[in-house]
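target-v7.txt (compact mmCIF, C-alpha atoms)
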```
# COMPACT_ATOMS: atom_id res chain seq x y z
CA MET W 13 -108.40 173.06 7.91
CA LYS W 14 -110.43 169.87 8.35
CA PRO W 15 -109.54 167.68 11.36
CA GLY W 16 -109.35 164.57 9.14
CA PHE W 17 -106.82 166.22 6.89
CA GLN W 18 -104.76 167.28 9.89
CA ALA W 19 -104.71 163.76 11.27
CA ARG W 20 -103.70 162.30 7.91
CA SER W 21 -101.01 164.90 7.50
CA ALA W 22 -99.67 164.26 11.00
CA ARG W 23 -99.61 160.50 10.39
CA ALA W 24 -97.77 160.97 7.11
CA SER W 25 -95.28 163.31 8.76
CA VAL W 26 -94.58 160.71 11.45
CA LEU W 27 -93.98 158.14 8.75
CA THR W 28 -91.56 160.44 6.96
CA ILE W 29 -89.67 161.21 10.16
CA LEU W 30 -89.44 157.50 10.92
CA ALA W 31 -88.24 156.79 7.41
CA ILE W 32 -85.59 159.49 7.57
CA ALA W 33 -84.55 158.38 11.06
CA THR W 34 -83.82 154.89 9.79
CA LEU W 35 -81.65 156.16 6.95
CA PRO W 36 -78.33 156.11 8.84
CA ALA W 37 -78.93 152.45 9.72
CA LEU W 38 -79.77 151.61 6.12
CA ALA W 39 -76.79 153.55 4.86
CA ALA W 40 -74.55 151.64 7.26
CA GLN W 41 -75.90 148.42 5.76
CA THR W 42 -74.91 149.43 2.29
CA SER W 43 -72.02 151.85 2.54
CA SER W 44 -69.66 149.16 3.75
CA ALA W 45 -68.79 148.19 0.18
CA PRO W 46 -66.45 145.25 0.47
CA ALA W 47 -62.99 145.41 -1.00
CA PRO W 48 -61.79 142.32 -2.90
CA ALA W 49 -60.30 139.74 -0.56
CA ALA W 50 -56.67 138.65 -0.79
CA ASP W 51 -57.71 135.63 -2.86
CA GLY W 52 -59.57 137.91 -5.30
CA SER W 53 -63.03 136.87 -4.19
CA VAL W 54 -65.81 139.47 -4.00
CA ALA W 55 -68.42 139.39 -1.24
CA LYS W 56 -71.97 140.82 -1.25
CA VAL W 57 -72.63 139.84 -4.84
CA ARG W 58 -76.32 139.61 -5.74
CA HIS W 59 -77.54 136.96 -8.17
CA LEU W 60 -80.09 138.46 -10.56
CA ILE W 61 -80.79 135.54 -12.87
CA GLY W 62 -79.19 132.67 -14.77
CA LEU W 63 -77.44 130.47 -12.21
CA ASP W 64 -78.90 127.01 -11.67
CA ASN W 65 -79.90 126.08 -8.11
CA VAL W 66 -79.57 129.65 -6.85
CA LYS W 67 -82.58 131.86 -6.17
CA SER W 68 -82.90 135.26 -7.77
CA GLN W 69 -81.73 138.05 -5.42
CA ALA W 70 -79.62 135.60 -3.39
CA SER W 71 -76.47 137.19 -2.03
CA GLY W 72 -73.13 135.43 -1.94
CA LYS W 73 -69.41 135.38 -2.58
CA LEU W 74 -67.98 135.31 -6.08
CA SER W 75 -64.56 133.87 -6.77
CA VAL W 76 -62.46 132.30 -9.50
CA GLN W 77 -60.91 129.02 -8.37
CA SER W 78 -59.79 125.73 -9.90
CA GLY W 79 -60.73 126.80 -13.42
CA ALA W 80 -64.27 127.85 -12.55
CA LEU W 81 -66.29 130.86 -11.54
CA VAL W 82 -67.80 130.00 -8.17
CA PHE W 83 -70.83 131.66 -6.61
CA ASP W 84 -71.29 130.62 -3.00
CA THR W 85 -74.37 131.69 -1.02
CA GLY W 86 -73.43 129.68 2.06
CA LYS W 87 -76.31 127.28 1.43
CA ALA W 88 -75.65 126.51 -2.22
CA GLN W 89 -72.67 126.70 -4.52
CA THR W 90 -72.73 127.00 -8.30
CA LYS W 91 -69.76 126.67 -10.61
CA ILE W 92 -69.34 127.80 -14.20
CA PRO W 93 -66.29 126.19 -15.85
CA VAL W 94 -64.07 128.91 -17.28
CA ALA W 95 -63.67 126.92 -20.51
CA SER W 96 -67.42 127.12 -21.16
CA ILE W 97 -67.52 130.92 -21.00
CA ASP W 98 -68.20 132.58 -24.37
CA ASP W 99 -68.15 136.17 -23.29
CA ILE W 100 -68.06 138.47 -20.27
CA TYR W 101 -69.84 141.82 -20.25
CA LEU W 102 -69.72 144.69 -17.79
CA GLY W 103 -72.48 147.16 -17.11
CA THR W 104 -73.83 149.42 -14.41
CA GLU W 105 -77.23 149.73 -12.84
CA SER W 106 -78.68 151.91 -10.12
CA THR W 107 -80.46 149.99 -7.43
CA GLN W 108 -82.19 150.69 -4.18
CA SER W 109 -80.03 150.22 -1.13
CA GLY W 110 -81.13 148.83 2.21
CA GLY W 111 -82.54 145.51 1.04
CA THR W 112 -86.00 144.54 2.30
CA ALA W 113 -85.92 147.11 5.10
CA GLY W 114 -85.16 149.79 2.56
CA ARG W 115 -88.09 148.71 0.43
CA VAL W 116 -90.46 148.84 3.42
CA VAL W 117 -89.26 152.30 4.45
CA LYS W 118 -89.59 153.58 0.91
CA THR W 119 -93.12 152.21 0.56
CA ALA W 120 -94.09 153.82 3.87
CA ALA W 121 -92.67 157.13 2.70
CA ILE W 122 -95.08 157.21 -0.25
CA ALA W 123 -97.69 158.42 2.25
CA ALA W 124 -95.62 161.45 3.18
CA PRO W 125 -97.30 164.82 2.46
CA PHE W 126 -96.41 166.96 -0.54
CA GLU W 127 -94.44 164.02 -1.99
CA THR W 128 -91.61 164.69 0.46
CA GLY W 129 -91.04 160.93 0.63
CA LYS W 130 -89.40 161.21 -2.76
CA VAL W 131 -86.33 162.57 -1.05
CA LEU W 132 -85.69 158.97 -0.02
CA SER W 133 -85.23 158.07 -3.67
CA LEU W 134 -82.35 160.52 -3.80
CA LEU W 135 -80.74 159.07 -0.71
CA MET W 136 -81.36 155.38 -1.19
CA LEU W 137 -80.16 154.74 -4.73
CA THR W 138 -76.72 153.26 -5.16
CA LYS W 139 -74.82 152.23 -8.25
CA VAL W 140 -73.73 148.65 -8.73
CA ASP W 141 -71.70 146.89 -11.41
CA VAL W 142 -73.49 144.27 -13.48
CA LEU W 143 -71.37 141.30 -14.48
CA THR W 144 -72.89 139.23 -17.27
CA ILE W 145 -71.42 135.84 -18.12
CA GLN W 146 -72.49 134.18 -21.36
CA TYR W 147 -71.66 130.48 -21.32
CA ARG W 148 -72.63 127.10 -22.81
CA ASP W 149 -73.70 123.93 -21.03
CA PRO W 150 -72.22 120.54 -22.09
CA ASN W 151 -75.04 120.18 -24.69
CA GLY W 152 -74.18 123.51 -26.28
CA GLY W 153 -77.17 125.33 -24.79
CA LEU W 154 -76.70 129.05 -24.26
CA HIS W 155 -76.89 130.44 -20.73
CA GLY W 156 -76.57 133.93 -19.31
CA ALA W 157 -75.70 134.53 -15.67
CA ILE W 158 -76.25 138.06 -14.42
CA LEU W 159 -74.73 139.22 -11.14
CA ALA W 160 -74.71 142.60 -9.40
CA THR W 161 -71.43 143.32 -7.65
CA PRO W 162 -70.45 146.31 -5.51
CA LYS W 163 -69.30 149.21 -7.65
CA GLY W 164 -65.84 148.80 -9.14
CA MET W 165 -65.60 145.06 -8.45
CA ALA W 166 -66.81 143.46 -11.67
CA ALA W 167 -63.81 144.48 -13.77
CA GLY W 168 -61.49 142.63 -11.38
CA VAL W 169 -63.51 139.42 -11.68
CA ARG W 170 -63.49 139.78 -15.48
CA THR W 171 -59.70 140.15 -15.46
CA GLN W 172 -59.34 137.07 -13.26
CA LEU W 173 -61.59 135.04 -15.56
CA ILE W 174 -59.64 136.07 -18.67
CA ALA W 175 -56.39 135.21 -16.90
CA ALA W 176 -57.85 131.78 -16.07
CA GLY W 177 -58.59 131.19 -19.76
CA ALA W 178 -62.14 132.47 -20.29
CA HIS W 179 -63.01 133.83 -23.71
CA ALA W 180 -64.10 137.46 -23.76
CA SER W 181 -64.47 139.94 -26.56
CA GLN W 182 -63.31 143.52 -26.22
CA LEU W 183 -65.49 145.68 -24.04
CA PRO W 184 -67.99 147.61 -26.15
CA GLU W 185 -68.41 151.35 -26.00
CA PRO W 186 -70.80 152.60 -23.30
CA PRO W 187 -74.43 152.18 -24.42
CA GLN W 188 -76.24 155.15 -25.94
CA LYS W 189 -79.27 156.57 -24.21
CA GLU W 190 -81.64 155.53 -26.99
CA GLY W 191 -81.21 153.15 -29.90
CA LYS W 192 -83.46 152.81 -32.94
CA MET V 27 -146.72 152.30 -40.37
CA ALA V 28 -144.04 153.98 -38.24
CA ILE V 29 -144.94 151.76 -35.29
CA ARG V 30 -144.59 148.59 -37.42
CA HIS V 31 -141.22 149.83 -38.72
CA ARG V 32 -139.98 150.49 -35.19
CA GLY V 33 -141.03 146.99 -34.13
CA PHE V 34 -139.07 145.48 -37.02
CA ILE V 35 -135.88 147.33 -36.03
CA ARG V 36 -136.37 146.26 -32.43
CA ALA V 37 -136.70 142.62 -33.49
CA ILE V 38 -133.46 142.79 -35.51
CA ALA V 39 -131.64 144.44 -32.59
CA CYS V 40 -132.83 141.74 -30.21
CA GLY V 41 -131.73 139.04 -32.66
CA CYS V 42 -128.26 140.57 -32.92
CA ILE V 43 -127.89 140.80 -29.14
CA ALA V 44 -129.01 137.19 -28.75
CA LEU V 45 -126.40 136.05 -31.28
CA LEU V 46 -123.52 137.96 -29.65
CA PRO V 47 -122.41 135.23 -27.20
CA ALA V 48 -122.22 132.73 -30.04
CA ILE V 49 -120.23 135.06 -32.29
CA ALA V 50 -117.86 136.48 -29.66
CA PRO V 51 -115.83 133.33 -28.80
CA ALA V 52 -115.34 132.51 -32.46
CA ALA V 53 -114.06 136.01 -33.16
CA THR V 54 -111.69 136.35 -30.16
CA LYS V 55 -110.23 132.88 -29.85
CA PRO V 56 -108.02 131.74 -32.72
CA PRO V 57 -107.50 127.97 -33.04
CA LYS V 58 -104.85 126.53 -30.71
CA LEU V 59 -101.54 125.40 -32.17
CA HIS V 60 -99.80 122.26 -31.02
CA ALA V 61 -96.13 121.40 -30.42
CA THR V 62 -94.40 119.32 -27.78
CA ALA V 63 -91.04 121.05 -27.92
CA ILE V 64 -89.79 124.60 -28.26
CA GLN V 65 -86.34 126.01 -28.80
CA ILE V 66 -85.77 129.52 -27.52
CA GLU V 67 -83.20 131.36 -29.55
CA ALA V 68 -80.95 134.07 -28.12
CA ILE V 69 -82.33 137.59 -28.29
CA ASP V 70 -81.18 139.22 -31.51
CA ALA V 71 -80.22 142.86 -30.96
CA GLY V 72 -80.17 143.59 -34.70
CA ASP V 73 -78.69 147.05 -35.13
CA VAL V 74 -80.12 148.32 -31.86
CA SER V 75 -77.69 149.19 -29.09
CA ILE V 76 -78.88 147.20 -26.09
CA PRO V 77 -76.62 146.13 -23.21
CA ALA V 78 -75.86 142.41 -22.99
CA GLU V 79 -77.40 142.11 -19.53
CA PHE V 80 -80.79 143.17 -20.93
CA ARG V 81 -80.60 140.70 -23.84
CA LEU V 82 -79.55 137.78 -21.68
CA ALA V 83 -81.97 138.64 -18.87
CA ILE V 84 -84.91 138.60 -21.32
CA TYR V 85 -83.66 135.24 -22.67
CA GLU V 86 -83.25 133.66 -19.23
CA ARG V 87 -86.54 134.99 -17.86
CA LEU V 88 -88.35 133.84 -20.99
CA ILE V 89 -87.05 130.29 -20.55
CA GLU V 90 -88.08 130.42 -16.90
CA LYS V 91 -91.60 131.65 -17.68
CA ILE V 92 -92.28 129.20 -20.52
CA ARG V 93 -91.00 126.38 -18.30
CA THR V 94 -93.35 127.49 -15.51
CA ASP V 95 -96.34 127.80 -17.86
CA GLY V 96 -95.81 124.16 -18.83
CA GLU V 97 -97.34 124.10 -22.32
CA PHE V 98 -94.31 122.32 -23.82
CA GLN V 99 -92.88 118.97 -22.74
CA LYS V 100 -89.37 119.96 -23.78
CA ILE V 101 -87.73 123.36 -23.76
CA PHE V 102 -84.41 123.70 -25.50
CA ARG V 103 -81.97 126.54 -25.16
CA SER V 104 -80.34 128.19 -28.16
CA GLY V 105 -77.62 125.90 -29.54
CA ASP V 106 -78.75 122.77 -27.69
CA LYS V 107 -77.70 119.76 -29.81
CA ASP V 108 -80.58 117.62 -28.55
CA ALA V 109 -83.12 119.93 -30.19
CA LYS V 110 -82.40 118.37 -33.59
CA GLY V 111 -83.99 115.10 -32.50
CA ALA V 112 -87.25 116.66 -31.30
CA PRO V 113 -90.12 115.65 -33.65
CA ASP V 114 -92.40 118.69 -33.66
CA LEU V 115 -90.07 121.43 -32.56
CA VAL V 116 -91.05 125.07 -32.92
CA VAL V 117 -88.47 127.82 -32.68
CA LEU V 118 -89.08 131.11 -30.88
CA ARG V 119 -87.04 134.03 -32.17
CA THR V 120 -87.00 137.50 -30.66
CA THR V 121 -85.52 140.55 -32.35
CA VAL V 122 -85.15 143.89 -30.60
CA SER V 123 -86.54 146.78 -32.64
CA ARG V 124 -86.12 149.60 -30.12
CA PHE V 125 -84.50 150.08 -26.73
CA LYS V 126 -84.58 153.11 -24.48
CA GLN V 127 -82.72 152.92 -21.21
CA GLY V 128 -84.37 155.14 -18.61
CA ASN V 129 -83.23 156.39 -15.25
CA GLN V 130 -84.58 154.96 -12.01
CA LEU V 131 -84.05 158.14 -9.98
CA GLN V 132 -85.75 160.32 -12.61
CA ARG V 133 -88.59 157.82 -12.77
CA GLU V 134 -89.18 157.85 -9.03
CA LEU V 135 -88.93 161.62 -8.69
CA THR V 136 -91.11 162.61 -11.62
CA THR V 137 -93.28 159.46 -12.10
CA VAL V 138 -93.81 160.42 -15.76
CA THR V 139 -90.32 160.45 -17.27
CA GLY V 140 -87.31 158.15 -17.12
CA GLY V 141 -89.08 154.94 -18.12
CA THR V 142 -87.16 152.08 -19.69
CA THR V 143 -88.72 150.60 -22.81
CA VAL V 144 -87.89 147.71 -25.06
CA ASP V 145 -89.80 146.81 -28.23
CA VAL V 146 -89.38 143.42 -29.86
CA THR V 147 -90.70 141.36 -32.73
CA THR V 148 -91.24 137.71 -31.88
CA THR V 149 -91.79 134.91 -34.37
CA VAL V 150 -92.53 131.25 -33.86
CA THR V 151 -91.39 128.99 -36.68
CA ALA V 152 -92.72 125.50 -37.41
CA PRO V 153 -90.38 122.58 -38.25
CA ASP V 154 -90.95 123.22 -41.99
CA GLY V 155 -89.69 126.78 -41.56
CA LYS V 156 -93.12 128.34 -41.88
CA VAL V 157 -93.79 131.27 -39.54
CA VAL V 158 -96.84 130.28 -37.51
CA LEU V 159 -96.91 133.22 -35.16
CA THR V 160 -95.55 136.74 -35.25
CA ASN V 161 -96.14 139.65 -32.94
CA ASP V 162 -94.76 143.05 -31.98
CA LEU V 163 -94.53 143.49 -28.23
CA SER V 164 -93.40 146.21 -25.88
CA GLY V 165 -92.03 145.94 -22.33
CA LYS V 166 -91.79 148.84 -19.91
CA VAL V 167 -90.74 149.80 -16.42
CA ARG V 168 -92.50 153.04 -15.54
CA PHE V 169 -92.45 153.78 -11.82
CA PHE V 170 -90.51 151.74 -9.29
CA GLY V 171 -87.76 149.25 -9.80
CA GLU V 172 -84.47 148.80 -11.56
CA ASN V 173 -84.09 149.29 -15.30
CA LEU V 174 -83.51 145.55 -15.60
CA GLY V 175 -87.11 145.10 -14.44
CA VAL V 176 -88.11 145.73 -18.05
CA THR V 177 -86.72 142.29 -18.93
CA ASN V 178 -89.23 140.67 -16.60
CA ASP V 179 -92.13 142.56 -18.17
CA MET V 180 -90.91 141.71 -21.68
CA ALA V 181 -90.46 138.01 -20.92
CA LYS V 182 -93.93 137.89 -19.34
CA ARG V 183 -95.52 139.37 -22.45
CA ILE V 184 -93.72 137.01 -24.83
CA ALA V 185 -94.58 133.98 -22.68
CA LYS V 186 -98.21 135.14 -22.54
CA MET V 187 -98.33 135.36 -26.33
CA VAL V 188 -96.87 131.86 -26.67
CA PHE V 189 -99.27 130.50 -24.07
CA ALA V 190 -102.26 132.09 -25.83
CA SER V 191 -101.42 130.06 -28.93
CA TYR V 192 -100.11 126.79 -27.46
CA GLY V 193 -101.31 126.58 -23.89
CA THR V 194 -104.42 125.14 -22.37
CA GLY V 195 -105.99 126.32 -19.13
CA THR V 196 -104.43 129.28 -17.39
CA PRO V 197 -100.74 130.14 -17.23
CA HIS V 198 -98.99 129.53 -13.88
```

Could you show the structure in this file as structure tokens?
Amino acid sequence: MKPGFQARSARASVLTILAIATLPALAAQTSSAPAPAADGSVAKVRHLIGLDNVKSQASGKLSVQSGALVFDTGKAQTKIPVASIDDIYLGTESTQSGGTAGRVVKTAAIAAPFETGKVLSLLMLTKVDVLTIQYRDPNGGLHGAILATPKGMAAGVRTQLIAAGAHASQLPEPPQKEGK
Amino acid sequence: MAIRHRGFIRAIACGCIALLPAIAPAATKPPKLHATAIQIEAIDAGDVSIPAEFRLAIYERLIEKIRTDGEFQKIFRSGDKDAKGAPDLVVLRTTVSRFKQGNQLQRELTTVTGGTTVDVTTTVTAPDGKVVLTNDLSGKVRFFGENLGVTNDMAKRIAKMVFASYGTGTPH
């Protein structure tokens, strides 16, 4: 075996071991899925797109209060009046856990020999609920706010919004794998 | 005789090569269109089963990208009442023709399967109702990233098509 190959292989193995060693810490970051608070608010909600004045991927608390859906990141707060909501959709998505650290570890693991780094994909994917709010601004312009909530939390927010007076059509059947 | 013939062919070939730079820009660059305002309509799913988050994410990202590119002074959302007053408003419509939701885990493990794909037909309509631009585009997420990443790719491609026809300079 060539010495260069051995060195590369050893380096990649070290990277894999490091990546796997950090897994418990990453898992601890993500496995603590928050339960809804007493006031019905949901923490650790990730903003994907659609809310004004909030950056994509910003994390915050989602709640329904005073006739509005409120997303609070700590630095900024955005409100969507319940009366302006046209529809509320629920979906699911698999996402990589561990945030930025998880992304770094996963990228490092690409160098692992014999594609063993792929085992991280198995361990680091978690399911999240996707809450989609379709609403209109005062001018009638259509908006779509998309938020990723911890699994099992989006339905509760939808129920709260409907109870507060938001319009929502019946939930559609689960999407098919392929549509044509 | 053969030598003279060969020289003639060589002269024609040289002439053609010399003309290429002059012909190429005319053939690749269609004339630019002009409009100061655009209204972006909601993504029409047609009879394709596509989750709402994908439709609305394409719509929102498209607005974001066209706003960033800066080729239009005014950008109106679907249903915006103020759009009626805009003098040379063009309307961008997007219809989904195919959607295939992949699987992120499968994608990352195999690298060749599990991709998410969305195909759309986009049209830009002038104020007189005439279709000035139409295109079939395809967005994909093949390797890393969430399925929703396909909406970013799709919006980028649509915005690029719009910029190619209306924009000047390079997109932001």

TODO: Go ahead and compute the interatomic distance for CA of Val138 (chain V) and CA of Ile76 (chain V), in Å to one decimal.
DONE: 22.5 Å

Open item on the list: Please determine, counting all atoms listed in the file, which residue among W:Val76, W:Val94, W:Ile145, W:Ala70 has the shortest atom-to-atom distance to Gln172 (chain W).
Closed with: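 Checking each of W:Val76, W:Val94, W:Ile145, W:Ala70 against Gln172 (chain W), counting all atoms listed in the file, the winner is W:Val76.
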
TODO: Find the residues in chain V near chain W: any atom within 10 Å counts, using all atoms listed in the file. Write them as a ChimeraX atom specification.
DONE: /V:66-68,72-87,90,102-109,122-136,142-145,170-174

- [ ] Rounded to one decimal place, report the CA of Thr138 (chain W)-CA of Val167 (chain V) distance in Å.
- [x]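 The value is 18.3 Å.
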
Open item on the list: Rounded to one decimal, what separation in Å do you get between CA of Ser96 (chain W) and CA of Gly168 (chain W)?
Closed with: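 CA of Gly168 (chain W) lies at a distance of 19.3 Å from CA of Ser96 (chain W).
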
Task: Top pick for closest residue to Val188 (chain V), considering V:Leu115, V:Leu159, V:Ala152, V:Ile69 and counting only C-alpha atoms - done: V:Leu159

- [ ] Could you tell me which of W:Pro93, W:Gln69, W:Lys87, W:Val54 comes closest to Lys163 (chain W) if we count all atoms listed in the file?
- [x] W:Val54

TODO: Find the residues near Ile101 (chain V): any atom within 9 Å, counting all atoms listed in the file, skip ones fewer than 2 places away on the same chain, and give them as an MDAnalysis selection string.
DONE: chainID V and resid 62:66 89 92:93 98:99 103 109

Task: Best match for closeness to Ala178 (chain W) among W:Lys91, W:Asp64, W:Tyr147, W:Lys56, counting all atoms listed in the file - done: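 Under the stated criterion, the closest residue is W:Tyr147.
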
- [ ] Please provide the set of residues having any atom within 10 Å of Lys91 (chain V), restricted to all atoms listed in the file, with same-chain residues fewer than 2 positions apart removed, written as a count of residues only.
- [x] 17
